[in-house]
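A short write-up of the structure that comes next.
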Amino acid sequence: QVELVESGGGLVQAGGSLRLSCAASGGVVSTYTMGWFRQAPGKEREFVACIGRSGRSTRYTESTKGRFTISKDNAKNTVYLEMNSLKPEDTAVYYCAAGDFSDVYYFTAARAARYNYWGQGTQVTVSS
């Protein structure tokens, strides 16, 4: 049984930083591609970033490049999303996901349907 539990969300002012964590069970962090998605009210869930099985390959959506960093610690079975220079438009529920595929650069890596397991989400609110 795989379980993903996000934490670290909260309220922050524009320009501030947050670090999200995703604690995983079932050993998926080292064997699956791990991703972060977000969903704002009234909008579809959108891809934020993903990291490959080895940890050497990462991919970001254009709006978060240079501001967000995804990383993982296989020994701790945890994935992180470091978010800097936050903007009000980053406000959303952030979800951790695990996908049973290896190529983070293939177009499907940014599609929610490609991921097998999901966490419950953590709210991030950025005030202006």
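A note on labels: chains of the structure tokens are A, B, ... as shown, every chain counts residues from 1, and ligands are counted from 1 in their shown order.
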
Neighbouring residues of Ala23 in chain A were defined as those with any atom within 8 Å, considering only C-alpha atoms; residues of the same chain fewer than 4 positions away were excluded. Please report them as a PyMOL selection string.
chain A and resi 4-6+76-79

Using C-alpha atoms, can you write the selected residues to a file as an mmCIF file, in the first residue's frame?
data_model
loop_
_atom_site.group_PDB
_atom_site.id
_atom_site.type_symbol
_atom_site.label_atom_id
_atom_site.label_comp_id
_atom_site.auth_asym_id
_atom_site.auth_seq_id
_atom_site.Cartn_x
_atom_site.Cartn_y
_atom_site.Cartn_z
ATOM 1 C CA LEU A 4 1.810 9.997 0.231
ATOM 2 C CA VAL A 5 1.468 12.672 2.891
ATOM 3 C CA GLU A 6 2.218 16.316 2.120
ATOM 4 C CA LYS A 76 14.023 9.311 4.230
ATOM 5 C CA ASN A 77 11.464 8.357 1.566
ATOM 6 C CA THR A 78 10.693 12.038 1.204
ATOM 7 C CA VAL A 79 10.322 14.439 -1.707
#

Polymer residues at most 7 Å from Ser127 in chain A, only C-alpha atoms, same-chain spacing of 6 or more positions, as a list in words
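The residues that qualify are Val12, Gln13, Ala14 and Pro88 of chain A.
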
Using only C-alpha atoms, which residues sit within 7 Å of Trp118 in chain A once same-chain residues fewer than 6 positions away are excluded, as an mmCIF file with N, CA, C and O atoms, in the first residue's frame?
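Okay, around.cif is ready:
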data_model
loop_
_atom_site.group_PDB
_atom_site.id
_atom_site.type_symbol
_atom_site.label_atom_id
_atom_site.label_comp_id
_atom_site.auth_asym_id
_atom_site.auth_seq_id
_atom_site.Cartn_x
_atom_site.Cartn_y
_atom_site.Cartn_z
ATOM 1 N N LEU A 4 1.058 8.755 0.376
ATOM 2 C CA LEU A 4 1.810 9.997 0.231
ATOM 3 C C LEU A 4 1.173 11.049 1.130
ATOM 4 O O LEU A 4 -0.040 11.269 1.052
ATOM 5 N N TYR A 95 -0.206 19.062 -4.532
ATOM 6 C CA TYR A 95 -0.306 17.620 -4.400
ATOM 7 C C TYR A 95 0.998 16.938 -4.788
ATOM 8 O O TYR A 95 1.624 17.309 -5.790
ATOM 9 N N CYS A 96 1.351 15.928 -4.034
ATOM 10 C CA CYS A 96 2.471 15.061 -4.350
ATOM 11 C C CYS A 96 1.929 13.846 -5.096
ATOM 12 O O CYS A 96 0.826 13.363 -4.789
ATOM 13 N N ALA A 97 2.703 13.353 -6.059
ATOM 14 C CA ALA A 97 2.250 12.207 -6.838
ATOM 15 C C ALA A 97 3.430 11.304 -7.189
ATOM 16 O O ALA A 97 4.571 11.781 -7.281
ATOM 17 N N ALA A 98 3.143 10.041 -7.387
ATOM 18 C CA ALA A 98 4.154 9.051 -7.768
ATOM 19 C C ALA A 98 3.717 8.360 -9.056
ATOM 20 O O ALA A 98 2.578 7.880 -9.148
#

Taking 5 positions as the minimum chain separation for residues in the same chain, which residues sit within 9 Å of range 32-49 of chain A when counting only C-alpha atoms? Answer as a ChimeraX atom specification.
/A:27,54-55,58-64,68-70,72,79,81,89-104,109-112,115,121

Please determine, counting only C-alpha atoms, which residue among A:Val28, A:Met83, A:Cys50, A:Ala113 has the shortest atom-to-atom distance to Gly10 in chain A.
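Smallest separation from Gly10 in chain A among the options: A:Met83.
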
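Proximity of A:Ser30, A:Thr108, A:Ser17, A:Ser25 to Lys87 in chain A, computed with only C-alpha atoms, is greatest for A:Ser17.
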
So which residues of range 1-112 of chain A fall under strand (DSSP E) by DSSP, listed as a ChimeraX atom specification?
/A:4-7,10-13,18-24,33-39,46-51,58-60,68-73,78-83,92-99

When DSSP works through the backbone of this structure, what residues of chain A end up as helix (DSSP H, G or I), shown as a ChimeraX atom specification?
/A:28-31,62-64,74-76,88-90,107-110,112-114

Write a file of the just-selected residues containing N, CA, C and O atoms, as an mmCIF file, in the first residue's frame.
data_model
loop_
_atom_site.group_PDB
_atom_site.id
_atom_site.type_symbol
_atom_site.label_atom_id
_atom_site.label_comp_id
_atom_site.auth_asym_id
_atom_site.auth_seq_id
_atom_site.Cartn_x
_atom_site.Cartn_y
_atom_site.Cartn_z
ATOM 1 N N VAL A 28 8.366 4.063 -2.873
ATOM 2 C CA VAL A 28 8.159 4.650 -4.200
ATOM 3 C C VAL A 28 9.131 5.758 -4.536
ATOM 4 O O VAL A 28 9.405 6.027 -5.704
ATOM 5 N N VAL A 29 9.666 6.440 -3.519
ATOM 6 C CA VAL A 29 10.533 7.584 -3.796
ATOM 7 C C VAL A 29 11.744 7.165 -4.616
ATOM 8 O O VAL A 29 12.209 7.906 -5.489
ATOM 9 N N SER A 30 12.279 5.999 -4.379
ATOM 10 C CA SER A 30 13.479 5.559 -5.097
ATOM 11 C C SER A 30 13.160 4.785 -6.369
ATOM 12 O O SER A 30 14.049 4.568 -7.198
ATOM 13 N N THR A 31 11.929 4.379 -6.552
ATOM 14 C CA THR A 31 11.595 3.532 -7.701
ATOM 15 C C THR A 31 10.584 4.151 -8.657
ATOM 16 O O THR A 31 10.367 3.615 -9.742
ATOM 17 N N GLU A 62 7.036 26.078 -16.865
ATOM 18 C CA GLU A 62 7.732 27.332 -17.195
ATOM 19 C C GLU A 62 7.572 28.390 -16.102
ATOM 20 O O GLU A 62 8.518 29.109 -15.783
ATOM 21 N N SER A 63 6.415 28.468 -15.496
ATOM 22 C CA SER A 63 6.148 29.539 -14.523
ATOM 23 C C SER A 63 6.903 29.369 -13.210
ATOM 24 O O SER A 63 6.961 30.304 -12.410
ATOM 25 N N THR A 64 7.474 28.195 -12.979
ATOM 26 C CA THR A 64 8.178 27.958 -11.717
ATOM 27 C C THR A 64 9.690 27.803 -11.892
ATOM 28 O O THR A 64 10.413 27.731 -10.905
ATOM 29 N N ASN A 74 16.084 9.633 -0.740
ATOM 30 C CA ASN A 74 15.597 8.248 -0.794
ATOM 31 C C ASN A 74 15.649 7.569 0.579
ATOM 32 O O ASN A 74 14.770 6.780 0.911
ATOM 33 N N ALA A 75 16.673 7.886 1.358
ATOM 34 C CA ALA A 75 16.814 7.259 2.667
ATOM 35 C C ALA A 75 15.659 7.635 3.595
ATOM 36 O O ALA A 75 15.251 6.854 4.447
ATOM 37 N N LYS A 76 15.142 8.840 3.408
ATOM 38 C CA LYS A 76 14.023 9.311 4.230
ATOM 39 C C LYS A 76 12.681 9.103 3.540
ATOM 40 O O LYS A 76 11.639 9.463 4.107
ATOM 41 N N PRO A 88 1.303 35.669 -5.695
ATOM 42 C CA PRO A 88 -0.105 35.342 -5.399
ATOM 43 C C PRO A 88 -0.670 34.276 -6.338
ATOM 44 O O PRO A 88 -1.505 33.467 -5.911
ATOM 45 N N GLU A 89 -0.204 34.246 -7.568
ATOM 46 C CA GLU A 89 -0.705 33.244 -8.512
ATOM 47 C C GLU A 89 -0.205 31.831 -8.221
ATOM 48 O O GLU A 89 -0.643 30.872 -8.862
ATOM 49 N N ASP A 90 0.692 31.690 -7.255
ATOM 50 C CA ASP A 90 1.120 30.357 -6.814
ATOM 51 C C ASP A 90 0.140 29.763 -5.803
ATOM 52 O O ASP A 90 0.290 28.602 -5.412
ATOM 53 N N PHE A 107 6.336 13.932 -22.872
ATOM 54 C CA PHE A 107 5.260 14.883 -22.625
ATOM 55 C C PHE A 107 4.268 14.383 -21.570
ATOM 56 O O PHE A 107 3.673 15.174 -20.843
ATOM 57 N N THR A 108 4.123 13.094 -21.431
ATOM 58 C CA THR A 108 3.143 12.580 -20.472
ATOM 59 C C THR A 108 3.579 12.755 -19.022
ATOM 60 O O THR A 108 2.762 12.634 -18.112
ATOM 61 N N ALA A 109 4.858 13.061 -18.792
ATOM 62 C CA ALA A 109 5.320 13.254 -17.416
ATOM 63 C C ALA A 109 4.641 14.445 -16.748
ATOM 64 O O ALA A 109 4.636 14.544 -15.527
ATOM 65 N N ALA A 110 4.094 15.347 -17.538
ATOM 66 C CA ALA A 110 3.421 16.522 -16.994
ATOM 67 C C ALA A 110 1.907 16.322 -16.902
ATOM 68 O O ALA A 110 1.181 17.258 -16.581
ATOM 69 N N ALA A 112 -1.370 14.608 -15.206
ATOM 70 C CA ALA A 112 -1.793 13.994 -13.956
ATOM 71 C C ALA A 112 -2.186 12.526 -14.148
ATOM 72 O O ALA A 112 -1.944 11.695 -13.270
ATOM 73 N N ALA A 113 -2.757 12.204 -15.282
ATOM 74 C CA ALA A 113 -3.229 10.843 -15.529
ATOM 75 C C ALA A 113 -2.100 9.828 -15.550
ATOM 76 O O ALA A 113 -2.340 8.618 -15.411
ATOM 77 N N ARG A 114 -0.868 10.312 -15.719
ATOM 78 C CA ARG A 114 0.274 9.399 -15.807
ATOM 79 C C ARG A 114 0.747 8.918 -14.440
ATOM 80 O O ARG A 114 1.557 8.008 -14.366
#

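Separating CA of Ser71 in chain A from CA of Gly15 in chain A is a distance of 21.1 Å.
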
Write out as an MDAnalysis selection string each polymer residue whose atoms come within 8 Å of Gly9 in chain A, counting only C-alpha atoms; drop sequence neighbours fewer than 3 positions from it.
chainID A and resid 18:20 122:125

Write out the residues from the selection above, keeping C-alpha atoms, as a PDB file, in the first residue's frame.
ATOM      1  CA  LEU A  18       8.034  27.737   1.709  1.00  0.00           C
ATOM      2  CA  ARG A  19       9.312  24.178   1.617  1.00  0.00           C
ATOM      3  CA  LEU A  20       6.817  21.412   1.010  1.00  0.00           C
ATOM      4  CA  THR A 122      -1.462  20.895   1.297  1.00  0.00           C
ATOM      5  CA  GLN A 123      -2.737  24.461   0.949  1.00  0.00           C
ATOM      6  CA  VAL A 124      -0.356  27.223  -0.062  1.00  0.00           C
ATOM      7  CA  THR A 125      -1.662  30.779   0.116  1.00  0.00           C
TER       8      THR A 125
END

For a quick check of understanding, using only C-alpha atoms, which of A:Ser7, A:Val126, A:Tyr117, A:Tyr80 has the smallest distance to Gly26 in chain A?
A:Tyr117
